[in-house]
>>> print(open('input-v8.txt').read())   # compact mmCIF, C-alpha atoms
# COMPACT_ATOMS: atom_id res chain seq x y z
CA MET O 16 -68.22 -7.37 44.39
CA ASN O 17 -69.16 -6.94 40.74
CA LYS O 18 -65.69 -7.39 39.27
CA GLU O 19 -66.69 -10.96 38.38
CA LEU O 20 -69.74 -9.62 36.51
CA ILE O 21 -67.63 -7.38 34.26
CA GLU O 22 -65.17 -10.24 33.63
CA ALA O 23 -68.05 -12.54 32.70
CA LEU O 24 -69.49 -9.93 30.31
CA ASN O 25 -66.06 -9.43 28.70
CA THR O 26 -65.72 -13.19 28.22
CA LEU O 27 -69.17 -13.44 26.64
CA GLU O 28 -68.39 -10.52 24.34
CA LYS O 29 -65.19 -12.21 23.18
CA GLU O 30 -66.43 -15.80 22.83
CA LYS O 31 -69.99 -15.22 21.64
CA ASP O 32 -69.40 -11.94 19.80
CA ILE O 33 -72.17 -10.27 21.80
CA SER O 34 -71.82 -6.60 22.67
CA LYS O 35 -71.21 -5.90 26.38
CA ASP O 36 -73.63 -2.96 26.18
CA THR O 37 -76.32 -5.34 24.92
CA LEU O 38 -75.70 -7.69 27.83
CA ILE O 39 -75.81 -4.85 30.36
CA GLU O 40 -79.08 -3.69 28.82
CA ALA O 41 -80.40 -7.24 29.25
CA ILE O 42 -79.43 -7.20 32.94
CA GLU O 43 -81.18 -3.84 33.40
CA ASN O 44 -84.33 -5.23 31.78
CA SER O 45 -84.14 -8.36 33.94
CA LEU O 46 -84.01 -6.24 37.10
CA LEU O 47 -87.03 -4.24 35.90
CA THR O 48 -88.83 -7.52 35.24
CA ALA O 49 -87.98 -8.70 38.76
CA CYS O 50 -89.36 -5.45 40.20
CA LYS O 51 -92.58 -5.85 38.24
CA ASN O 52 -92.97 -9.46 39.40
CA HIS O 53 -92.24 -8.50 43.01
CA PHE O 54 -94.18 -5.24 43.30
CA GLY O 55 -96.78 -5.73 40.59
CA LYS O 56 -95.53 -2.83 38.46
CA ALA O 57 -92.27 -1.10 37.68
CA ASP O 58 -93.21 2.06 35.79
CA ASN O 59 -91.52 4.24 38.40
CA VAL O 60 -88.35 2.12 38.65
CA LYS O 61 -85.02 2.98 37.04
CA VAL O 62 -81.95 0.75 36.88
CA THR O 63 -78.43 2.12 36.43
CA ILE O 64 -75.32 -0.02 35.94
CA ASN O 65 -71.76 1.30 35.95
CA ARG O 66 -70.13 -0.02 32.73
CA GLU O 67 -66.67 0.01 34.34
CA THR O 68 -67.18 -1.35 37.85
CA GLY O 69 -70.38 -3.36 37.39
CA ASP O 70 -72.02 -1.67 40.38
CA PHE O 71 -75.75 -1.21 39.93
CA LYS O 72 -78.61 0.57 41.65
CA VAL O 73 -82.33 0.00 41.42
CA MET O 74 -84.17 3.20 42.30
CA ALA O 75 -87.91 3.75 42.69
CA GLU O 76 -89.38 7.22 42.29
CA LYS O 77 -92.04 7.74 44.96
CA THR O 78 -94.21 10.75 45.63
CA VAL O 79 -94.06 12.15 49.19
CA VAL O 80 -97.59 12.18 50.64
CA GLU O 81 -99.29 12.63 54.02
CA GLU O 82 -101.08 9.32 53.85
CA VAL O 83 -99.84 6.42 51.69
CA GLU O 84 -102.47 4.74 49.48
CA ASP O 85 -100.03 2.92 47.14
CA ASP O 86 -96.76 1.93 48.77
CA VAL O 87 -95.23 1.14 45.36
CA THR O 88 -95.48 4.71 44.08
CA GLN O 89 -95.91 6.69 47.31
CA ILE O 90 -93.99 7.26 50.55
CA SER O 91 -95.07 8.98 53.72
CA LEU O 92 -93.55 12.29 54.68
CA ALA O 93 -92.18 10.77 57.88
CA ASP O 94 -90.40 7.96 56.04
CA ALA O 95 -89.10 10.39 53.43
CA LYS O 96 -87.68 12.64 56.16
CA ILE O 97 -85.80 9.66 57.59
CA ARG O 98 -84.02 9.25 54.27
CA ASP O 99 -83.50 12.95 53.62
CA ILE O 100 -84.74 15.75 55.88
CA ARG O 101 -85.10 18.07 52.90
CA TYR O 102 -88.06 16.15 51.43
CA ASN O 103 -91.45 17.89 51.56
CA LEU O 104 -94.95 16.97 50.52
CA GLY O 105 -95.27 16.55 46.74
CA ASP O 106 -91.55 15.91 46.20
CA ILE O 107 -90.32 12.90 44.26
CA ALA O 108 -88.16 10.77 46.50
CA GLN O 109 -85.50 8.45 45.11
CA ILE O 110 -85.78 5.22 47.08
CA GLU O 111 -83.22 2.45 46.57
CA ILE O 112 -84.55 -1.08 46.17
CA LYS O 113 -82.33 -3.92 47.33
CA SER O 114 -82.33 -6.73 44.79
CA LYS O 115 -81.95 -9.29 47.58
CA GLU O 116 -85.48 -8.36 48.64
CA PHE O 117 -86.85 -9.97 45.49
CA GLY O 118 -88.54 -13.30 45.86
CA ARG O 119 -87.23 -16.57 44.42
CA ILE O 120 -89.66 -16.58 41.52
CA ALA O 121 -88.87 -12.96 40.60
CA THR O 122 -85.17 -13.76 40.70
CA GLN O 123 -85.62 -16.86 38.52
CA ASN O 124 -87.62 -14.86 35.98
CA ALA O 125 -84.87 -12.23 35.87
CA LYS O 126 -82.30 -14.96 35.22
CA ASN O 127 -84.43 -16.33 32.37
CA VAL O 128 -84.66 -12.88 30.79
CA ILE O 129 -80.87 -12.61 30.76
CA LEU O 130 -80.36 -16.12 29.33
CA GLN O 131 -82.99 -15.57 26.65
CA LYS O 132 -81.33 -12.31 25.58
CA ILE O 133 -77.93 -14.03 25.41
CA ARG O 134 -79.37 -16.79 23.20
CA GLU O 135 -81.10 -14.26 20.93
CA GLU O 136 -77.96 -12.17 20.53
CA GLU O 137 -75.82 -15.26 19.92
CA ARG O 138 -78.21 -16.43 17.19
CA LYS O 139 -78.31 -12.96 15.66
CA SER O 140 -74.51 -12.70 15.74
CA LEU O 141 -74.10 -16.10 14.04
CA TYR O 142 -76.67 -15.18 11.39
CA ASN O 143 -74.91 -11.90 10.56
CA GLN O 144 -71.52 -13.61 10.51
CA TYR O 145 -72.58 -16.17 7.89
CA LEU O 146 -74.81 -13.74 6.00
CA GLU O 147 -71.61 -11.83 5.17
CA LYS O 148 -70.24 -15.03 3.62
CA GLU O 149 -73.32 -15.65 1.45
CA LYS O 150 -72.32 -16.14 -2.22
CA ASP O 151 -68.77 -16.95 -1.11
CA ILE O 152 -66.82 -20.13 -0.37
CA VAL O 153 -66.02 -21.61 3.03
CA THR O 154 -64.17 -24.67 4.27
CA GLY O 155 -66.30 -27.21 6.09
CA ILE O 156 -65.70 -30.46 7.93
CA VAL O 157 -67.93 -33.38 6.96
CA GLN O 158 -69.82 -34.67 10.02
CA ARG O 159 -72.30 -37.31 8.91
CA TYR O 160 -74.81 -38.35 6.26
CA VAL O 161 -78.43 -37.45 7.02
CA GLY O 162 -80.23 -39.69 4.57
CA LYS O 163 -78.74 -38.60 1.25
CA ASN O 164 -77.86 -35.14 2.57
CA ILE O 165 -74.58 -34.30 4.29
CA SER O 166 -74.19 -32.33 7.52
CA VAL O 167 -71.10 -30.12 7.40
CA ASN O 168 -69.59 -28.13 10.27
CA LEU O 169 -68.49 -24.61 9.27
CA GLY O 170 -66.95 -23.70 12.62
CA LYS O 171 -69.63 -22.01 14.72
CA ALA O 172 -72.59 -23.36 12.77
CA ASP O 173 -73.64 -26.40 10.78
CA ALA O 174 -74.68 -26.40 7.13
CA MET O 175 -76.61 -28.94 5.07
CA LEU O 176 -75.32 -30.09 1.68
CA MET O 177 -78.50 -31.27 -0.01
CA GLU O 178 -78.51 -34.17 -2.45
CA ASN O 179 -79.27 -31.95 -5.46
CA GLU O 180 -76.26 -29.73 -4.63
CA GLN O 181 -73.84 -32.66 -4.48
CA VAL O 182 -71.63 -33.68 -7.39
CA LYS O 183 -72.59 -37.10 -8.65
CA GLY O 184 -69.88 -39.60 -7.77
CA GLU O 185 -68.35 -37.57 -4.92
CA ASN O 186 -68.21 -39.42 -1.62
CA PHE O 187 -66.94 -37.92 1.61
CA LEU O 188 -65.74 -39.42 4.86
CA PRO O 189 -66.39 -37.96 8.33
CA THR O 190 -63.79 -35.31 9.38
CA GLU O 191 -62.90 -34.68 5.71
CA ARG O 192 -62.37 -30.98 4.84
CA ILE O 193 -64.13 -29.70 1.71
CA LYS O 194 -64.77 -26.36 -0.01
CA LEU O 195 -68.38 -25.24 -0.26
CA TYR O 196 -70.28 -22.37 -1.85
CA ILE O 197 -72.86 -20.72 0.44
CA LEU O 198 -76.10 -20.42 -1.51
CA GLU O 199 -78.34 -18.90 1.15
CA VAL O 200 -78.44 -18.09 4.86
CA LYS O 201 -81.84 -18.06 6.56
CA ASP O 202 -82.60 -16.75 10.05
CA THR O 203 -84.62 -19.22 12.13
CA THR O 204 -85.54 -19.54 15.81
CA LYS O 205 -83.03 -22.38 16.12
CA GLY O 206 -80.18 -20.40 14.59
CA PRO O 207 -79.01 -19.74 11.03
CA LYS O 208 -79.99 -22.29 8.40
CA ILE O 209 -77.15 -22.44 5.88
CA LEU O 210 -77.57 -24.01 2.44
CA VAL O 211 -74.35 -24.89 0.59
CA SER O 212 -73.42 -26.29 -2.81
CA ARG O 213 -70.66 -28.21 -4.57
CA THR O 214 -72.24 -27.90 -8.02
CA HIS O 215 -72.72 -24.14 -8.43
CA PRO O 216 -70.54 -22.51 -11.16
CA GLU O 217 -69.64 -19.70 -8.74
CA LEU O 218 -67.77 -22.26 -6.65
CA VAL O 219 -65.18 -22.55 -9.44
CA LYS O 220 -65.03 -18.76 -9.80
CA ARG O 221 -64.40 -18.29 -6.07
CA LEU O 222 -61.72 -20.98 -6.12
CA PHE O 223 -59.89 -19.09 -8.88
CA GLU O 224 -60.19 -15.87 -6.88
CA ALA O 225 -58.61 -17.63 -3.90
CA GLU O 226 -55.86 -19.31 -5.93
CA VAL O 227 -55.00 -16.69 -8.57
CA THR O 228 -53.72 -13.36 -7.28
CA GLU O 229 -54.46 -11.57 -10.55
CA VAL O 230 -58.12 -12.60 -10.36
CA LYS O 231 -58.40 -11.55 -6.73
CA ASP O 232 -56.97 -8.06 -7.33
CA GLY O 233 -59.06 -7.51 -10.49
CA THR O 234 -56.21 -7.55 -13.03
CA VAL O 235 -57.78 -10.62 -14.62
CA GLU O 236 -61.57 -10.87 -14.84
CA ILE O 237 -63.65 -14.03 -15.19
CA LYS O 238 -66.19 -12.81 -17.73
CA SER O 239 -68.27 -15.95 -18.08
CA ILE O 240 -68.42 -19.46 -16.73
CA SER O 241 -70.34 -22.62 -17.61
CA ARG O 242 -70.15 -25.86 -15.71
CA GLU O 243 -71.31 -29.44 -15.68
CA ALA O 244 -70.32 -30.34 -12.15
CA GLY O 245 -68.03 -33.31 -11.79
CA SER O 246 -67.20 -33.42 -15.50
CA ARG O 247 -66.05 -30.17 -17.14
CA THR O 248 -66.05 -26.41 -16.68
CA LYS O 249 -65.32 -23.68 -19.22
CA ILE O 250 -64.32 -20.18 -18.13
CA ALA O 251 -63.66 -17.11 -20.28
CA VAL O 252 -61.07 -14.69 -18.89
CA TRP O 253 -60.00 -11.16 -19.77
CA SER O 254 -57.00 -9.09 -18.69
CA ASN O 255 -57.24 -5.38 -17.85
CA ASN O 256 -53.46 -5.17 -18.23
CA PRO O 257 -52.11 -5.80 -21.76
CA ASP O 258 -48.87 -7.12 -20.22
CA VAL O 259 -50.68 -9.84 -18.28
CA ASP O 260 -51.74 -13.04 -20.02
CA PRO O 261 -55.13 -13.96 -18.49
CA VAL O 262 -55.02 -17.64 -19.44
CA GLY O 263 -51.41 -18.04 -18.33
CA SER O 264 -52.18 -16.38 -15.00
CA CYS O 265 -55.00 -18.80 -14.31
CA VAL O 266 -53.01 -21.84 -15.40
CA GLY O 267 -49.90 -20.95 -13.40
CA VAL O 268 -46.34 -22.29 -13.70
CA ASN O 269 -46.53 -25.88 -14.92
CA GLY O 270 -50.27 -25.72 -14.34
CA ALA O 271 -49.84 -25.36 -10.56
CA ARG O 272 -52.76 -22.98 -10.02
CA VAL O 273 -55.38 -24.71 -12.13
CA ASN O 274 -54.25 -28.13 -10.88
CA ALA O 275 -54.86 -27.07 -7.28
CA ILE O 276 -58.44 -26.22 -8.26
CA VAL O 277 -58.85 -29.44 -10.24
CA ASP O 278 -57.72 -31.39 -7.16
CA GLU O 279 -60.26 -29.60 -4.99
CA LEU O 280 -62.97 -30.47 -7.56
CA ARG O 281 -61.88 -34.13 -7.56
CA GLY O 282 -60.49 -34.20 -11.10
CA GLU O 283 -63.09 -32.06 -12.87
CA LYS O 284 -61.63 -30.81 -16.19
CA ILE O 285 -61.31 -27.05 -16.62
CA ASP O 286 -60.99 -25.26 -19.99
CA ILE O 287 -59.70 -21.67 -19.75
CA ILE O 288 -60.22 -19.49 -22.83
CA ASN O 289 -59.67 -15.86 -23.79
CA TRP O 290 -62.73 -13.62 -23.70
CA SER O 291 -63.44 -11.44 -26.74
CA GLU O 292 -66.01 -8.72 -27.42
CA ASN O 293 -66.23 -10.15 -30.93
CA PRO O 294 -68.81 -12.95 -30.61
CA ALA O 295 -67.32 -14.91 -33.53
CA ILE O 296 -63.89 -15.04 -31.90
CA LEU O 297 -65.45 -15.84 -28.52
CA ILE O 298 -67.41 -18.74 -30.00
CA GLU O 299 -64.29 -20.04 -31.73
CA ASN O 300 -62.39 -19.94 -28.45
CA ALA O 301 -65.28 -21.53 -26.56
CA LEU O 302 -65.32 -24.55 -28.86
CA SER O 303 -61.69 -25.27 -27.96
CA PRO O 304 -59.96 -27.73 -28.24
CA ALA O 305 -61.66 -28.15 -31.63
CA LYS O 306 -60.37 -26.05 -34.54
CA VAL O 307 -62.90 -23.82 -36.26
CA ILE O 308 -62.87 -22.74 -39.92
CA SER O 309 -65.65 -20.14 -39.93
CA VAL O 310 -68.21 -18.48 -37.69
CA ILE O 311 -71.19 -16.27 -38.52
CA ALA O 312 -72.81 -14.80 -35.40
CA ASP O 313 -76.11 -12.94 -35.25
CA GLU O 314 -75.94 -10.65 -32.22
CA GLU O 315 -79.64 -9.77 -32.31
CA GLU O 316 -80.89 -13.35 -32.52
CA LYS O 317 -78.03 -14.68 -30.40
CA THR O 318 -77.40 -17.46 -32.87
CA ALA O 319 -74.24 -18.62 -34.60
CA LYS O 320 -73.37 -20.89 -37.54
CA VAL O 321 -70.05 -22.64 -37.20
CA VAL O 322 -68.04 -24.69 -39.69
CA VAL O 323 -65.33 -27.06 -38.54
CA PRO O 324 -63.07 -29.45 -40.51
CA ASP O 325 -64.68 -32.81 -41.22
CA PHE O 326 -62.38 -34.67 -38.81
CA GLN O 327 -63.02 -32.12 -36.02
CA LEU O 328 -66.82 -32.33 -35.93
CA SER O 329 -67.09 -34.89 -33.13
CA LEU O 330 -64.41 -33.04 -31.12
CA ALA O 331 -66.27 -29.74 -31.49
CA ILE O 332 -69.51 -31.34 -30.36
CA GLY O 333 -67.87 -33.40 -27.63
CA LYS O 334 -69.01 -36.52 -25.89
CA GLU O 335 -72.81 -36.50 -25.68
CA GLY O 336 -72.67 -32.90 -26.97
CA GLN O 337 -70.93 -31.59 -23.85
CA ASN O 338 -68.32 -29.34 -25.51
CA ALA O 339 -70.84 -27.53 -27.68
CA ARG O 340 -73.37 -27.34 -24.86
CA LEU O 341 -70.88 -25.70 -22.50
CA ALA O 342 -69.74 -23.36 -25.28
CA ALA O 343 -73.35 -22.30 -25.86
CA ARG O 344 -73.86 -21.54 -22.16
CA LEU O 345 -70.54 -19.72 -21.94
CA THR O 346 -71.24 -17.42 -24.90
CA GLY O 347 -75.03 -17.14 -24.60
CA TYR O 348 -75.41 -18.10 -28.28
CA LYS O 349 -77.35 -20.93 -29.85
CA ILE O 350 -74.66 -22.66 -31.92
CA ASP O 351 -75.30 -24.63 -35.10
CA ILE O 352 -72.23 -26.73 -35.98
CA LYS O 353 -71.60 -28.32 -39.37
CA ASN O 354 -68.55 -29.87 -40.91
CA GLU O 355 -66.85 -28.44 -44.00
CA THR O 356 -68.47 -30.87 -46.44
CA GLN O 357 -71.98 -30.16 -45.19
CA ALA O 358 -71.35 -26.43 -45.29
CA ARG O 359 -70.24 -26.45 -48.93
CA GLU O 360 -73.31 -28.42 -49.94
CA LEU O 361 -75.78 -25.98 -48.38
CA GLU O 362 -76.55 -22.71 -50.15
CA GLU O 363 -77.51 -21.08 -46.86
CA PHE O 364 -73.84 -21.16 -45.90
CA GLY O 365 -72.76 -19.28 -49.00
CA GLY O 366 -71.44 -16.30 -47.02
CA LEU O 367 -70.01 -18.35 -44.23
CA TYR O 368 -66.38 -17.87 -45.16
CA GLU O 369 -66.40 -14.14 -44.62
CA TYR O 370 -64.83 -14.79 -41.22
CA ASP O 371 -62.02 -17.36 -41.40
CA THR O 372 -60.81 -18.38 -37.99
CA THR O 373 -58.29 -21.06 -38.97
CA LYS O 374 -56.72 -22.62 -41.98
CA THR O 375 -58.86 -25.00 -43.95
CA LEU O 376 -58.27 -28.71 -43.83
CA GLN O 377 -56.67 -28.60 -47.29
CA GLU O 378 -54.17 -25.95 -46.18
CA GLU O 379 -53.19 -28.10 -43.21
CA LEU O 380 -52.57 -31.11 -45.40
CA VAL O 381 -50.50 -29.09 -47.88
CA GLN O 382 -48.24 -27.97 -45.06
CA GLY O 383 -47.87 -31.54 -43.85
CA GLU O 384 -49.88 -31.24 -40.64
CA GLU O 385 -51.46 -34.49 -39.51
CA PRO O 386 -55.10 -34.07 -38.61
CA VAL O 387 -56.25 -36.04 -35.60
CA GLN O 388 -59.59 -37.76 -35.97
CA GLU O 389 -61.67 -37.63 -32.80
CA LYS O 390 -63.48 -40.95 -32.59
CA GLU O 391 -67.04 -40.88 -31.45
CA ASP O 392 -69.42 -43.80 -31.65
CA GLU O 393 -72.64 -42.28 -30.54
CA GLU O 394 -74.93 -40.17 -32.71
CA VAL O 395 -75.08 -36.56 -31.58
CA ILE O 396 -77.27 -33.53 -32.16
CA LYS O 397 -75.48 -30.66 -33.89
CA THR O 398 -77.43 -27.67 -32.63
CA PHE O 399 -76.89 -26.52 -29.06
CA ASP O 400 -78.46 -23.72 -27.08
CA GLY O 401 -77.04 -24.55 -23.67
CA GLU O 402 -80.14 -26.28 -22.36
>>> encode(input="input-v8.txt", output="structure tokens")
Amino acid sequence: MNKELIEALNTLEKEKDISKDTLIEAIENSLLTACKNHFGKADNVKVTINRETGDFKVMAEKTVVEEVEDDVTQISLADAKIRDIRYNLGDIAQIEIKSKEFGRIATQNAKNVILQKIREEERKSLYNQYLEKEKDIVTGIVQRYVGKNISVNLGKADAMLMENEQVKGENFLPTERIKLYILEVKDTTKGPKILVSRTHPELVKRLFEAEVTEVKDGTVEIKSISREAGSRTKIAVWSNNPDVDPVGSCVGVNGARVNAIVDELRGEKIDIINWSENPAILIENALSPAKVISVIADEEEKTAKVVVPDFQLSLAIGKEGQNARLAARLTGYKIDIKNETQARELEEFGGLYEYDTTKTLQEELVQGEEPVQEKEDEEVIKTFDGE
């Protein structure tokens, strides 16, 4: 008769990811609860359930006595002999309790115990499932706007994309699929509360891990990343294999790999540079696409003085200081940028040319290279510390 019970438990285990043993334990506890509600106590009651067939027995241990004072824990010798002639005074008799003897209220309470356990285990299972994905990316389906926040379905649970974790200018339609970075998973009485982000720098890192095989298997490492969500991201990459070009691996054939990530980020620009243990070279690379003449880096103070050609100053700084700001965050150095003319006029830059990163402007002109002047109308600050 209990074949249906085992089938139901197997279905719950598969669909809800709840252990069958846990469910059987819940049924055992519910039967004990029913006994307690029916008899007033259940300290002497044991429940056994066959894990294969689903057959169960509820047994009460009763002491064989001459005269019964407590019919819950005691049984008369005469009644005990009816069940088994071998029972004597003082023996512990195993008396089976029929569950159909329980009252309606006791049965309802037992049912509630089982349902409550199923809900608790389902919530716990969901929490553990998404806790494993914390600090990783997931694909979600946009459901609706809740004020300025967005409710996103992640499959078995919903997440909330808060306003401060949204990229300015991004708008989503219901049923649209988007990539999200899971910031935190909290366990609550109503199920897991999942906080996600579209602005976190790690989102870009995880997208590269998903798109670039060399990053996923560890051949290419993303050493540092700085991001202004919706506008531009800079990443510094390093190859553990001298035969593998880290930048080329991330860019892909005809830019296929990086373009797939750019599309996912709705057109956000991505600069990929080579990482270097030499801070001067790293800073030069980080200021790309601007050309750099000289860099002096102070590793203790985490500061750097940079000289660029006169016509490259605005390009090195970037619009509203973005290029230099991202370079400062990427390298961890406070960067002071001056053009070649300013550098020659200041005595404090007397030793600046000890590290020459590129040809000077004059050398370019001698060789016939046309410098490109980056036009910039606004006035910009020339010292950046990434703030």
>>> residues_around(input="input-v8.txt", residues="Arg344 of chain O", least_positions_apart="3", cutoff="7 Å", atoms="only C-alpha atoms", output="ChimeraX atom specification")
/O:241,340-341,347,401
>>> residues_around(input="input-v8.txt", residues="segment 128-137 of chain O", least_positions_apart="2", cutoff="12 Å", atoms="only C-alpha atoms", output="JSON, numbers by chain")
{"O": [24, 27, 28, 29, 30, 31, 32, 33, 34, 35, 36, 37, 38, 39, 40, 41, 42, 43, 44, 45, 46, 47, 48, 49, 121, 122, 123, 124, 125, 126, 139, 140, 141, 142, 143, 144, 171, 172, 202, 203, 204, 205, 206, 207]}
>>> closest_atom_pairs(input="input-v8.txt", of="segment 247-303 of chain O", to="segment 329-337 of chain O", cutoff="10 Å", atoms="all atoms listed in the file", output="tab-separated table")
residue	atom	partner	partner_atom	distance
O:Arg247	CA	O:Gln337	CA	8.4
O:Glu299	CA	O:Ala331	CA	9.9
O:Ala301	CA	O:Ala331	CA	9.6
O:Leu302	CA	O:Ala331	CA	5.9
O:Ser303	CA	O:Ala331	CA	7.3
>>> atom_distance(input="input-v8.txt", atom1="atom CA of Pro257 of chain O", atom2="atom CA of Asp232 of chain O")
15.4 Å
>>> closest_atom_pairs(input="input-v8.txt", of="segment 265-330 of chain O", to="segment 193-197 of chain O", cutoff="12 Å", atoms="all atoms listed in the file", output="tab-separated table")
residue	atom	partner	partner_atom	distance
O:Ile276	CA	O:Lys194	CA	10.4
O:Asp278	CA	O:Ile193	CA	11.1
O:Glu279	CA	O:Lys194	CA	7.5
O:Leu280	CA	O:Lys194	CA	8.8
O:Arg281	CA	O:Ile193	CA	10.5
>>> write_last_selection(input="input-v8.txt", atoms="C-alpha atoms", output="PDB file, keeping the file's coordinate frame")
ATOM      1  CA  ILE O 276     -58.440 -26.220  -8.260  1.00  0.00           C
ATOM      2  CA  ASP O 278     -57.720 -31.390  -7.160  1.00  0.00           C
ATOM      3  CA  GLU O 279     -60.260 -29.600  -4.990  1.00  0.00           C
ATOM      4  CA  LEU O 280     -62.970 -30.470  -7.560  1.00  0.00           C
ATOM      5  CA  ARG O 281     -61.880 -34.130  -7.560  1.00  0.00           C
TER       6      ARG O 281
END
>>> residues_around(input="input-v8.txt", residues="Lys72 of chain O", least_positions_apart="5", cutoff="8 Å", atoms="only C-alpha atoms", output="JSON, numbers by chain")
{"O": [62, 63, 64, 111, 112]}
>>> closest_residue(input="input-v8.txt", among="O:Ala93, O:Met177, O:Ile285, O:Ala312", to="Val211 of chain O", atoms="only C-alpha atoms")
O:Met177
>>> closest_residue(input="input-v8.txt", among="O:Ile97, O:Val230, O:Ala174, O:Val182", to="Val161 of chain O", atoms="only C-alpha atoms")
O:Ala174
>>> closest_residue(input="input-v8.txt", among="O:Glu243, O:Glu292, O:Glu314, O:Asp58", to="Ala342 of chain O", atoms="all atoms listed in the file")
O:Glu243
>>> residues_around(input="input-v8.txt", residues="Ile296 of chain O", least_positions_apart="6", cutoff="12 Å", atoms="all atoms listed in the file", output="PDB file with C-alpha atoms, in the frame of the given file")
ATOM      1  CA  ALA O 251     -63.660 -17.110 -20.280  1.00  0.00           C
ATOM      2  CA  ILE O 288     -60.220 -19.490 -22.830  1.00  0.00           C
ATOM      3  CA  ASN O 289     -59.670 -15.860 -23.790  1.00  0.00           C
ATOM      4  CA  TRP O 290     -62.730 -13.620 -23.700  1.00  0.00           C
ATOM      5  CA  LEU O 302     -65.320 -24.550 -28.860  1.00  0.00           C
ATOM      6  CA  SER O 303     -61.690 -25.270 -27.960  1.00  0.00           C
ATOM      7  CA  LYS O 306     -60.370 -26.050 -34.540  1.00  0.00           C
ATOM      8  CA  VAL O 307     -62.900 -23.820 -36.260  1.00  0.00           C
ATOM      9  CA  ILE O 308     -62.870 -22.740 -39.920  1.00  0.00           C
ATOM     10  CA  SER O 309     -65.650 -20.140 -39.930  1.00  0.00           C
ATOM     11  CA  VAL O 310     -68.210 -18.480 -37.690  1.00  0.00           C
ATOM     12  CA  ILE O 311     -71.190 -16.270 -38.520  1.00  0.00           C
ATOM     13  CA  ALA O 312     -72.810 -14.800 -35.400  1.00  0.00           C
ATOM     14  CA  ALA O 319     -74.240 -18.620 -34.600  1.00  0.00           C
ATOM     15  CA  VAL O 321     -70.050 -22.640 -37.200  1.00  0.00           C
ATOM     16  CA  THR O 346     -71.240 -17.420 -24.900  1.00  0.00           C
ATOM     17  CA  TYR O 370     -64.830 -14.790 -41.220  1.00  0.00           C
ATOM     18  CA  ASP O 371     -62.020 -17.360 -41.400  1.00  0.00           C
ATOM     19  CA  THR O 372     -60.810 -18.380 -37.990  1.00  0.00           C
ATOM     20  CA  THR O 373     -58.290 -21.060 -38.970  1.00  0.00           C
TER      21      THR O 373
END
>>> closest_residue(input="input-v8.txt", among="O:Tyr102, O:Arg138, O:Asn354, O:Ile21", to="Lys201 of chain O", atoms="only C-alpha atoms")
O:Arg138
>>> atom_distance(input="input-v8.txt", atom1="atom CA of Leu146 of chain O", atom2="atom CA of Val200 of chain O")
5.8 Å
>>> decode(input="input-v8.txt", residues="segment 297-308 of chain O", atoms="N, CA and C atoms", output="short mmCIF file (atom, residue, chain, number, x, y, z; two decimals), in the first residue's frame")
data_model
loop_
_atom_site.label_atom_id
_atom_site.label_comp_id
_atom_site.auth_asym_id
_atom_site.auth_seq_id
_atom_site.Cartn_x
_atom_site.Cartn_y
_atom_site.Cartn_z
N LEU O 297 54.04 48.73 -16.74
CA LEU O 297 52.61 48.53 -16.51
C LEU O 297 51.85 49.83 -16.65
N ILE O 298 52.41 50.91 -16.09
CA ILE O 298 51.74 52.21 -16.18
C ILE O 298 51.70 52.69 -17.62
N GLU O 299 52.79 52.47 -18.35
CA GLU O 299 52.80 52.84 -19.77
C GLU O 299 51.69 52.10 -20.53
N ASN O 300 51.60 50.81 -20.29
CA ASN O 300 50.57 50.01 -20.96
C ASN O 300 49.17 50.45 -20.55
N ALA O 301 49.01 50.79 -19.28
CA ALA O 301 47.69 51.15 -18.76
C ALA O 301 47.18 52.45 -19.36
N LEU O 302 48.09 53.34 -19.74
CA LEU O 302 47.68 54.62 -20.32
C LEU O 302 47.35 54.50 -21.81
N SER O 303 47.48 53.29 -22.36
CA SER O 303 47.10 53.06 -23.75
C SER O 303 45.65 53.55 -23.96
N PRO O 304 45.35 54.14 -25.11
CA PRO O 304 46.11 54.19 -26.38
C PRO O 304 47.12 55.33 -26.49
N ALA O 305 47.30 56.11 -25.44
CA ALA O 305 48.26 57.21 -25.51
C ALA O 305 49.69 56.67 -25.50
N LYS O 306 50.59 57.35 -26.24
CA LYS O 306 52.01 57.00 -26.21
C LYS O 306 52.67 57.72 -25.04
N VAL O 307 53.62 57.03 -24.42
CA VAL O 307 54.30 57.57 -23.25
C VAL O 307 55.79 57.68 -23.54
N ILE O 308 56.38 58.84 -23.16
CA ILE O 308 57.82 59.03 -23.35
C ILE O 308 58.60 58.45 -22.17
#
